[in-house]
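Structure, as structure tokens:
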Amino acid sequence: MSRFLVCPPDHYQIAYEINPWMDVKRGADPTVARVQWNALAAVLEKNCGATLERIVPVAGLPDMVFTTNAGIVAGHTVVLSQFRYPERQPEETPFEQWFESHGYEVKRLPPGLFFEGGGDMLGTRNMWFGGYPQRTDIRAYRYVGEFLGREILPLELVDPRFYHLDTCFCPLSGGEVIWFPGAFDRYGQAAVMERFPAEKRIAVPEEEAVRFACNAVCIGKHVVIPEGSPSTMERLEKLGYATHAVGLSEFIKSGGAAKCLTLALD
Ligand code: ARG
């Protein structure tokens with residue numbers, strides 16, 4: 001049983017540029033975005049048995065669809081995000097209200113410390129990783145780790161295209177990881193290799209990494225993955241996963257895909 005927070009794309013658009021994928025002149029097609037979002041929701045609910053909680057979208061907050069950036073949830077506690085860019089900071093209030101009205105204990109970081117939630121913090125039961133410094137400050141992980149009683153291994157992200165950890169790193173339920181090594185510095189690459197044995201590492205080629213192959217959602221033996229990554233899908237299937245490809249071109253234009261559009265609530 002998996003629950004996710006999602007936000008319908010009613011107000012989604014490319015209204016500003018805060019990462020190398022975004023281009024206001026190119027924009028995103030709202031009709032196509034809606035169709036793609038609905039298809040993603042259907043795959044999660046019908047094919048993977050997930051439960052989706054829908055937050056009401058707020059006009060003027062186009063990136064609110066990327067709910068994974070709202071915070072990080074553990075049990076009934078949430079550590080709320082503090083967005084780096086002023087364009088996304090107003091999302092903090094509606095997300096906080098949603099968590100409070102749904103019975104979560106909301107933890108806040110010291111002011112001025114940036115943390116972008118599930119976009120930068122990923123893990124499995126007992127191993128957690130935190131991306132920095134493009135969006136999240138490395139110092140935030142000390143507080144998040146204390147709030148949640150978790151040890152978090154910081155991983156430095158060195159390629160501006162892969163600015164959140166979830167754009168280049170995806171731990172799976174069976175202890176494997178999908179990753180794009182080129183997004184990490186040498187120390188980070190070594191840290192990942194030390195924690196995941198070679199047969200558990202799926203290194204994706206650059207042409208699939210730029211189609212957001214790492215921005216996948218793993219639910220038990222199901223992996224929902226943006227379309228255009230045949231070699232990654234083949235490797236997942238060899239490991240016993242059922243793969244579901246979804247077209248998410250309009251969201252990739254904003255620098256996000258399947259994983260960014262969902263926040264794990266358990
Ligand atoms: N346009 C959004 C931003 O730059 C995309 C966020 C994607 N989220 C993610 N977890 N990678 O903040």
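If you're wondering about the labels, chains in the structure tokens are A, B, ... by order shown, residues count from 1 in each chain, ligands from 1 in order shown.
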Original post:
Counting only C-alpha atoms, what is within 7 Å of stretch 198-213 of chain A, bar same-chain residues fewer than 6 positions away, as a ChimeraX atom specification?
Top reply: /A:167-168,175-181,225-226,228-229,232,257
**OP:** List the neighbours of A:Ser249 out to 12 Å using only C-alpha atoms; skip same-chain residues closer than 4 positions along the sequence, and give me the result as a ChimeraX atom specification.
**Re:** /A:21,27-30,32-37,210-212,226-228,253-258
Output C-alpha atoms for every residue in the selection just made, as a JSON list (two decimals), in the first residue's frame.
```
[["chain", "number", "residue", "atom", "x", "y", "z"],
["A", 21, "TRP", "CA", 15.30, 22.88, -18.73],
["A", 27, "GLY", "CA", 6.34, 27.00, -22.82],
["A", 28, "ALA", "CA", 4.36, 23.82, -22.11],
["A", 29, "ASP", "CA", 1.10, 22.78, -23.78],
["A", 30, "PRO", "CA", -1.59, 22.83, -21.05],
["A", 32, "VAL", "CA", -1.09, 17.83, -23.38],
["A", 33, "ALA", "CA", 0.15, 18.36, -19.81],
["A", 34, "ARG", "CA", -3.33, 17.55, -18.48],
["A", 35, "VAL", "CA", -3.57, 14.37, -20.57],
["A", 36, "GLN", "CA", -0.09, 13.25, -19.47],
["A", 37, "TRP", "CA", -0.80, 13.98, -15.81],
["A", 210, "VAL", "CA", 18.26, 13.53, -20.12],
["A", 211, "ARG", "CA", 14.88, 11.90, -20.73],
["A", 212, "PHE", "CA", 14.57, 11.63, -16.95],
["A", 226, "PRO", "CA", 9.25, 8.46, -18.22],
["A", 227, "GLU", "CA", 9.12, 7.13, -21.79],
["A", 228, "GLY", "CA", 12.22, 7.04, -23.98],
["A", 253, "LYS", "CA", 10.17, 21.13, -20.05],
["A", 254, "SER", "CA", 10.07, 22.34, -16.45],
["A", 255, "GLY", "CA", 12.78, 19.94, -15.28],
["A", 256, "GLY", "CA", 10.57, 17.33, -13.69],
["A", 257, "ALA", "CA", 8.88, 13.99, -14.43],
["A", 258, "ALA", "CA", 7.17, 11.06, -12.68]]
```
Subject >> Protein and nucleic acid residues within 10 Å of ligand 1 (only C-alpha atoms and all ligand atoms) as a ChimeraX atom specification >> reply: /A:12-22,62-70,83-85,87-88,116-121,135,162-168,212,215,251-263
Original post:
Of the candidates A:Val224, A:Val106, A:Val246, A:Val158, which one gets nearest to A:Val73 if we count only C-alpha atoms?
Top reply: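 With only C-alpha atoms as the atom set, the closest residue is A:Val106.
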Excluding same-chain residues fewer than 3 positions from A:Pro110, what lies within 10 Å of it counting only C-alpha atoms, as a short mmCIF file (atom, residue, chain, number, x, y, z; two decimals) with N, CA and C atoms, in the first residue's frame?
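Writing the result to around-v4.cif gives the following:
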```cif
data_model
loop_
_atom_site.label_atom_id
_atom_site.label_comp_id
_atom_site.auth_asym_id
_atom_site.auth_seq_id
_atom_site.Cartn_x
_atom_site.Cartn_y
_atom_site.Cartn_z
N GLN A 82 11.96 24.51 2.39
CA GLN A 82 12.20 25.94 2.29
C GLN A 82 12.89 26.15 0.94
N LYS A 107 7.46 19.97 11.00
CA LYS A 107 8.74 20.46 11.51
C LYS A 107 9.32 21.47 10.51
N LEU A 113 17.66 28.49 5.65
CA LEU A 113 18.31 27.24 5.27
C LEU A 113 17.43 26.58 4.20
N PHE A 114 18.00 26.32 3.04
CA PHE A 114 17.18 25.79 1.94
C PHE A 114 17.14 24.26 1.96
N ALA A 140 21.25 21.62 5.96
CA ALA A 140 19.87 21.26 6.27
C ALA A 140 19.77 19.80 6.72
N TYR A 143 19.71 18.92 10.46
CA TYR A 143 18.42 19.12 11.14
C TYR A 143 17.41 18.05 10.73
#
```
**OP:** Identify all residues of stretch 98-160 of chain A in strand (DSSP E or B) (DSSP on the backbone) and supply them as a ChimeraX atom specification.
**Re:** /A:105-107,115,121-124,127-132,152-157
Filtering to C-alpha atoms, could you give me those residues as a short mmCIF file (atom, residue, chain, number, x, y, z; two decimals), in the first residue's frame?
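Produced file out19.cif, reproduced below:
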```
data_model
loop_
_atom_site.label_atom_id
_atom_site.label_comp_id
_atom_site.auth_asym_id
_atom_site.auth_seq_id
_atom_site.Cartn_x
_atom_site.Cartn_y
_atom_site.Cartn_z
CA GLU A 105 3.28 17.13 12.82
CA VAL A 106 5.04 19.85 10.83
CA LYS A 107 8.74 20.46 11.51
CA PHE A 115 15.73 22.29 1.66
CA MET A 121 16.31 13.43 -0.15
CA LEU A 122 15.83 9.83 -1.17
CA GLY A 123 16.41 6.51 0.46
CA THR A 124 15.33 3.09 1.47
CA MET A 127 19.88 4.25 3.96
CA TRP A 128 19.21 7.92 3.16
CA PHE A 129 20.90 10.23 0.70
CA GLY A 130 20.74 14.00 0.39
CA GLY A 131 21.58 15.99 -2.74
CA TYR A 132 23.25 19.40 -2.46
CA ILE A 152 21.67 11.04 5.72
CA LEU A 153 24.64 10.74 3.40
CA PRO A 154 25.14 14.00 1.46
CA LEU A 155 25.85 13.64 -2.26
CA GLU A 156 27.19 16.59 -4.23
CA LEU A 157 25.49 17.30 -7.56
#
```
**OP:** Give the helix (DSSP H, G or I) residues of stretch 39-222 of chain A, as assigned by DSSP on the backbone, as a PyMOL selection string.
**Re:** chain A and resi 39-47+62-65+67-70+89-101+117-119+140-148+165-167+181-183+186-195+198-200+206-209
Original post:
When you draw a straight line from atom CA of A:Val58 to atom CA of A:Phe99, how long is it in Å?
Top reply: 15.5 Å
Original post:
In Å to one decimal, how far is atom CA of A:Gly145 from atom CA of A:Gly188?
Top reply: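 A separation of 18.8 Å between them.
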